Each structure stands twice: as C-alpha cells, then as structure tokens.
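Here's the structure we're looking at; comments come further down.
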Amino acid sequence: MQDLDRIRFVTRHFHELRGLSQQVPSGMFILGEGAIYFVHSPALSWLLLFFQIAVPIGVLLLSSSYYQRTFGQVERLPRDLPLQPVPLSIYSSAGTTLRLARQPVSPGWLRGSLLAALAWALFSTLRAINPTVTVQWGNVTEPRWMPFLLQAMYFLFGMVFLGTWLRRERRLSQAYYLVFAILMLGLAALGSIEGLVVRSLFDREMGRAATMILVPALHDRHVNYIFYGAAMVLAGLLDHLQLLRVAKG
Amino acid sequence: MSTPFEQLAHLDRRVHDPARLAILTALSACERADFLFLQRITGLTKGNLSSHLAKLQEAALVEIEKRFLEKKTQTLVRLSGTGREAVEGYWREMEELRASAVRWRPANAVLVPST
C-alpha cells in the first residue's frame, strides 16, 4: 500500500507528471536546436536532426495512448484546472449557461510576480551600471542586445522552473525543479555582473579557464538552448520515473 | 470527555480500512478516476479493488459510472458529496484523536521518578 500523501500528490498532479507527453519532446527539440550548432559532420547533423524532430514527434504521438493504457485516466478537480466553468446569468430551456473563465489570481501568485519583477529590475540595473563584455565570434562582433536577451531567457526559464516547483507543493521529491531554477536564475544573476567577474578573473591562469566556460554560457544562445533543453528533458524523465515508482500497480 | 480508545472505536470503519482510505484519498484529489488508475495507485488486485469499491458504493461514498471506450468497458469512479464529507470528517476525528492521545493519562497513574 502506498503512502497516502504520495497517492494524493500523484493523483492531483497526474497530468503534469506525464513527463513524456510534453516536457521530454519539447526539451529534445530545444536541446537539438542548441546542439546542432556544435556538430560539424554532415552525417552527425542528420542524426541529430532525426533526434531533434522525428523522435520528439514520435514520443508526442505515442505517449498519450501509452499513459492512457498504462496508468488509466484521471480528471482534475475544477480548482486545479487553468480554466473553470462559471455560470452566466442567462437561463435557457437547457439549463444554466456556462462559460470558461480563468481561475482568480491568488495573493501568493501576485506576491511571486511582484518579487520576480523586482529581481528583474535589480538584474537590469546591475547590468546597466556594470562594465559589459562584448564577444567577437570569428570576424563577427555579437550584437549589443544579445547578452541582455540571453540573460532575460535564463531569468524566464528560471522562473518557469521555480513556478513549477512552487505549484507542485514545494516537495522534496520535486527538488530537481528548484535545482534547475537556481542554476538558471544564478546564470541570469551572473550575467548582471559578468563584466566585473571577467575583469577580476581574466588575468589569472585559473580565472581565464573559468571565463572560457562562463562567457559562452552567457553569450551564446546555443549554449542557452542546450542548458534549458537538457533541464527540460531531465525534469520530464524524473517526473515520469516518479509516476512509475508511485503508480507501479 | 471520551478517552482516545473510545474515540478510536467510533472512527468511521467504512473509511478507516487502509485500502478504502487509499481509494478515497486518491478520489478526493481529483474529479474522477478510472478503475485502472485506482488499481495502479493503490496497488490492489482487481478483485480486491472491485470488492472495496462495491462496499464504498453501497455506503454511498462513491458514485460509479460505466461507459464504453474503444469497445471496452471503462469504469469511472467519483467521490460523492457524502464521501467527501466522510473523508474530511475522518481526518478531523484523527486530528482530535492524536491531540487527545498526547493529553491522555491513565486514571490511576502515579508518576514515579526514574532511578
């Protein structure tokens, strides 16, 4: 017999824990988008393209019937749905007329959004007052907005992971979302002070090696795609494993 | 004031059974679930699950609907209003029981300092 709390959690979040149906295919696509840039052999590029497009589409198509056949069906409580039916003040012979409406915004969500906006304002201010780093890839100098865009993406991805962890009741078994959120938000925060970091590190032997890792992570969108895609695939697989472990029959 | 043992004796037996409690816990976290899901999540055999569901239906704690899906019968189970109240009441009683068990001392108990 399963522990009651785990039963309640898995039943309530059954749709989100079906990692193979959304996160793994989307993550594979994003991961492939980043990885293909670093592959120079045509044969490997074709193989990667297969893993980027054909495999995720296959997984997407098959996963729905797999989950239905293996784990059965669960209908969410109206309060857990993003949209809920609300009665309108119009009555017909068929009964009360309903329309779908968004759930009311909770105070916790508002507080979280406000904190996120403040954090983003802080990151942007730090970036504006600190020296910036411009990278030259071969003969091409990167556009000035690129590091800002990548920092925004890390911030957004970090908030997505953090939001997922909070929505899933801040459980220890879901802590990988928190780890990915810290990694992404950490990179966004580092982007704000990278000029200072690079300046202080670059003259030392170890520092130069560290900047060789740090700078591509903050300036190359393909590295950004690899981080986010890999995190999504991993999170989806771990969700799926959790579902398998709890609902093993 | 009742002792924890008396409170324990008055717990709702329809809910208190571990297998039925697992079924009701799962159903309280969703609108409705099918037989396969309940079997997977509780780890019960088909026969056991059927028998517990029949008892819960008899007690009007769950509502069962059968329908055809791709030429197969699908059994959908939902917690009834009475069922939801029974589960909430059960957890309230368990909380009270826990609190009174912490407070409880035997009537003729004498505290002896340990040597």
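Convention: chains lettered A, B, ... in structure tokens order; per-chain residue numbering from 1; ligands numbered from 1 as shown.
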
Please identify all polymer residues within 8 Å of stretch 62-64 of chain B, counting only C-alpha atoms, omitting same-chain residues fewer than 5 positions from it, and present them as a PyMOL selection string.
chain B and resi 53+56-57+75-80+83

Just-selected residues, C-alpha atoms written as a short mmCIF file (atom, residue, chain, number, x, y, z; two decimals), in the first residue's frame:
data_model
loop_
_atom_site.label_atom_id
_atom_site.label_comp_id
_atom_site.auth_asym_id
_atom_site.auth_seq_id
_atom_site.Cartn_x
_atom_site.Cartn_y
_atom_site.Cartn_z
CA LEU B 53 -15.49 -0.14 -4.49
CA LEU B 56 -17.99 2.19 -0.85
CA GLN B 57 -20.79 2.42 -3.41
CA THR B 75 -15.32 2.22 -15.05
CA LEU B 76 -15.16 5.78 -13.76
CA VAL B 77 -15.34 6.43 -10.02
CA ARG B 78 -16.16 9.72 -8.34
CA LEU B 79 -16.33 10.70 -4.67
CA SER B 80 -19.93 11.61 -3.75
CA GLY B 83 -17.99 10.65 0.56
#

Please provide as a PyMOL selection string all residues within 12 Å of A:Asn224, with the sequence filter that same-chain residues fewer than 2 positions apart are discarded (counting only C-alpha atoms).
chain A and resi 30-35+37+146-147+149-158+183-184+187-188+214-222+226-231

Store the residues of this selection in a file with C-alpha atoms, as a PDB file, in the first residue's frame.
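Saved to selection_14.pdb:
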ATOM      1  CA  ILE A  30      15.244  22.819 -27.855  1.00  0.00           C
ATOM      2  CA  LEU A  31      18.314  20.707 -26.968  1.00  0.00           C
ATOM      3  CA  GLY A  32      18.708  19.711 -30.635  1.00  0.00           C
ATOM      4  CA  GLU A  33      18.438  23.365 -31.691  1.00  0.00           C
ATOM      5  CA  GLY A  34      21.419  24.161 -29.488  1.00  0.00           C
ATOM      6  CA  ALA A  35      23.494  21.027 -30.113  1.00  0.00           C
ATOM      7  CA  TYR A  37      25.401  24.292 -33.961  1.00  0.00           C
ATOM      8  CA  MET A 146      22.435  39.558 -27.308  1.00  0.00           C
ATOM      9  CA  PRO A 147      23.777  39.166 -23.709  1.00  0.00           C
ATOM     10  CA  LEU A 149      18.382  38.768 -24.377  1.00  0.00           C
ATOM     11  CA  LEU A 150      20.130  35.634 -23.086  1.00  0.00           C
ATOM     12  CA  GLN A 151      20.030  36.912 -19.522  1.00  0.00           C
ATOM     13  CA  ALA A 152      16.284  37.543 -19.929  1.00  0.00           C
ATOM     14  CA  MET A 153      15.867  33.995 -21.242  1.00  0.00           C
ATOM     15  CA  TYR A 154      17.754  32.478 -18.288  1.00  0.00           C
ATOM     16  CA  PHE A 155      15.599  34.551 -15.970  1.00  0.00           C
ATOM     17  CA  LEU A 156      12.393  33.463 -17.688  1.00  0.00           C
ATOM     18  CA  PHE A 157      13.423  29.779 -17.737  1.00  0.00           C
ATOM     19  CA  GLY A 158      14.450  30.006 -14.070  1.00  0.00           C
ATOM     20  CA  LEU A 183      21.038  27.205 -11.985  1.00  0.00           C
ATOM     21  CA  MET A 184      19.102  29.366 -14.474  1.00  0.00           C
ATOM     22  CA  LEU A 187      23.258  32.429 -14.608  1.00  0.00           C
ATOM     23  CA  ALA A 188      20.860  35.378 -15.024  1.00  0.00           C
ATOM     24  CA  LEU A 214      31.336  31.431 -18.245  1.00  0.00           C
ATOM     25  CA  VAL A 215      31.429  33.665 -21.310  1.00  0.00           C
ATOM     26  CA  PRO A 216      29.923  31.177 -23.839  1.00  0.00           C
ATOM     27  CA  ALA A 217      27.192  30.297 -21.318  1.00  0.00           C
ATOM     28  CA  LEU A 218      26.228  33.976 -21.099  1.00  0.00           C
ATOM     29  CA  HIS A 219      26.803  34.990 -24.729  1.00  0.00           C
ATOM     30  CA  ASP A 220      25.967  32.034 -26.946  1.00  0.00           C
ATOM     31  CA  ARG A 221      22.273  31.320 -27.438  1.00  0.00           C
ATOM     32  CA  HIS A 222      23.072  27.733 -28.465  1.00  0.00           C
ATOM     33  CA  ILE A 226      21.390  23.245 -24.516  1.00  0.00           C
ATOM     34  CA  PHE A 227      21.030  24.134 -20.811  1.00  0.00           C
ATOM     35  CA  TYR A 228      17.287  24.675 -20.997  1.00  0.00           C
ATOM     36  CA  GLY A 229      16.584  21.715 -23.310  1.00  0.00           C
ATOM     37  CA  ALA A 230      18.657  19.338 -21.174  1.00  0.00           C
ATOM     38  CA  ALA A 231      16.974  20.590 -17.986  1.00  0.00           C
TER      39      ALA A 231
END

At a cut-off of 12 Å, can you tabulate as JSON lines every residue of chain A near chain B together with its closest atom pair and the distance in Å to one decimal, using only C-alpha atoms and ordering rows by chain then number?
{"residue": "A:Met1", "atom": "CA", "partner": "B:Thr42", "partner_atom": "CA", "distance": 5.9}
{"residue": "A:Gln2", "atom": "CA", "partner": "B:Thr42", "partner_atom": "CA", "distance": 6.2}
{"residue": "A:Asp3", "atom": "CA", "partner": "B:Ala22", "partner_atom": "CA", "distance": 8.3}
{"residue": "A:Leu4", "atom": "CA", "partner": "B:Ala22", "partner_atom": "CA", "distance": 6.1}
{"residue": "A:Asp5", "atom": "CA", "partner": "B:Thr25", "partner_atom": "CA", "distance": 8.4}
{"residue": "A:Arg6", "atom": "CA", "partner": "B:Ile41", "partner_atom": "CA", "distance": 9.3}
{"residue": "A:Ile7", "atom": "CA", "partner": "B:Ala26", "partner_atom": "CA", "distance": 5.9}
{"residue": "A:Arg8", "atom": "CA", "partner": "B:Ala26", "partner_atom": "CA", "distance": 5.3}
{"residue": "A:Phe9", "atom": "CA", "partner": "B:Ala29", "partner_atom": "CA", "distance": 7.7}
{"residue": "A:Val10", "atom": "CA", "partner": "B:Ile41", "partner_atom": "CA", "distance": 8.4}
{"residue": "A:Thr11", "atom": "CA", "partner": "B:Ala26", "partner_atom": "CA", "distance": 5.9}
{"residue": "A:Arg12", "atom": "CA", "partner": "B:Ala29", "partner_atom": "CA", "distance": 5.1}
{"residue": "A:His13", "atom": "CA", "partner": "B:Ala29", "partner_atom": "CA", "distance": 8.9}
{"residue": "A:Phe14", "atom": "CA", "partner": "B:Cys30", "partner_atom": "CA", "distance": 9.4}
{"residue": "A:His15", "atom": "CA", "partner": "B:Cys30", "partner_atom": "CA", "distance": 11.0}
{"residue": "A:Tyr67", "atom": "CA", "partner": "B:Phe37", "partner_atom": "CA", "distance": 10.1}
{"residue": "A:Gln68", "atom": "CA", "partner": "B:Phe37", "partner_atom": "CA", "distance": 9.1}
{"residue": "A:Arg69", "atom": "CA", "partner": "B:Leu36", "partner_atom": "CA", "distance": 8.5}
{"residue": "A:Thr70", "atom": "CA", "partner": "B:Leu36", "partner_atom": "CA", "distance": 8.0}
{"residue": "A:Phe71", "atom": "CA", "partner": "B:Phe37", "partner_atom": "CA", "distance": 5.2}
{"residue": "A:Gly72", "atom": "CA", "partner": "B:Phe37", "partner_atom": "CA", "distance": 4.6}
{"residue": "A:Gln73", "atom": "CA", "partner": "B:Asp34", "partner_atom": "CA", "distance": 5.4}
{"residue": "A:Val74", "atom": "CA", "partner": "B:Ala33", "partner_atom": "CA", "distance": 4.3}
{"residue": "A:Glu75", "atom": "CA", "partner": "B:Arg32", "partner_atom": "CA", "distance": 5.3}
{"residue": "A:Arg76", "atom": "CA", "partner": "B:Cys30", "partner_atom": "CA", "distance": 4.9}
{"residue": "A:Leu77", "atom": "CA", "partner": "B:Glu31", "partner_atom": "CA", "distance": 4.5}
{"residue": "A:Pro78", "atom": "CA", "partner": "B:Glu31", "partner_atom": "CA", "distance": 7.3}
{"residue": "A:Arg79", "atom": "CA", "partner": "B:Cys30", "partner_atom": "CA", "distance": 9.7}
{"residue": "A:Asp80", "atom": "CA", "partner": "B:Cys30", "partner_atom": "CA", "distance": 8.7}
{"residue": "A:Leu81", "atom": "CA", "partner": "B:Glu31", "partner_atom": "CA", "distance": 10.6}
{"residue": "A:Gln242", "atom": "CA", "partner": "B:Ile41", "partner_atom": "CA", "distance": 11.9}
{"residue": "A:Leu243", "atom": "CA", "partner": "B:Ile41", "partner_atom": "CA", "distance": 9.3}
{"residue": "A:Leu244", "atom": "CA", "partner": "B:Arg40", "partner_atom": "CA", "distance": 9.4}
{"residue": "A:Arg245", "atom": "CA", "partner": "B:Ile41", "partner_atom": "CA", "distance": 9.7}
{"residue": "A:Val246", "atom": "CA", "partner": "B:Ile41", "partner_atom": "CA", "distance": 6.6}
{"residue": "A:Ala247", "atom": "CA", "partner": "B:Ile41", "partner_atom": "CA", "distance": 4.4}
{"residue": "A:Lys248", "atom": "CA", "partner": "B:Arg40", "partner_atom": "CA", "distance": 5.7}
{"residue": "A:Gly249", "atom": "CA", "partner": "B:Arg40", "partner_atom": "CA", "distance": 3.6}

Identify, with DSSP run on backbone atoms, the residues in chain B assigned to helix (DSSP H, G or I), and express the list as a PyMOL selection string.
chain B and resi 4-9+13-16+18-28+35-42+46-58+81-103

As an exercise, work out the distance from atom CA of A:Tyr177 to atom CA of A:Pro25 in Å and give it to one decimal place.
17.5 Å

Which of chain B fall in strand (DSSP E), as a PyMOL selection string
chain B and resi 32-34+62-69+72-79

Distance atom CA of A:Val59-atom CA of A:Leu47, one decimal place?
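Going from atom CA of A:Val59 over to atom CA of A:Leu47 covers 16.6 Å.
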
Atom pair atom CA of B:Thr82 + atom CA of B:Leu61, distance 5.7 Å

Give me the residues near stretch 94-96 of chain B as number ranges by chain, where near means some atom within 9 Å (using only C-alpha atoms) and where sequence neighbours in that chain fewer than 5 positions away do not count.
B: 4, 7-8, 11, 89, 101

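Excluding B:Glu93 itself and same-chain residues fewer than 5 positions from it, the residues having an atom within 12 Å of it are Pro4, Glu6, Gln7, Leu8, Ala9, His10, Leu11, Asp12, Val15, His16, Ala86, Val87, Glu88, Arg98, Ala99, Ser100 and Ala101 of chain B, counting only C-alpha atoms.
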
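The closest residue to A:Glu16, picked from A:Ser173, A:Leu49, A:Arg167, A:Ile213 and counting only C-alpha atoms, is A:Arg167.
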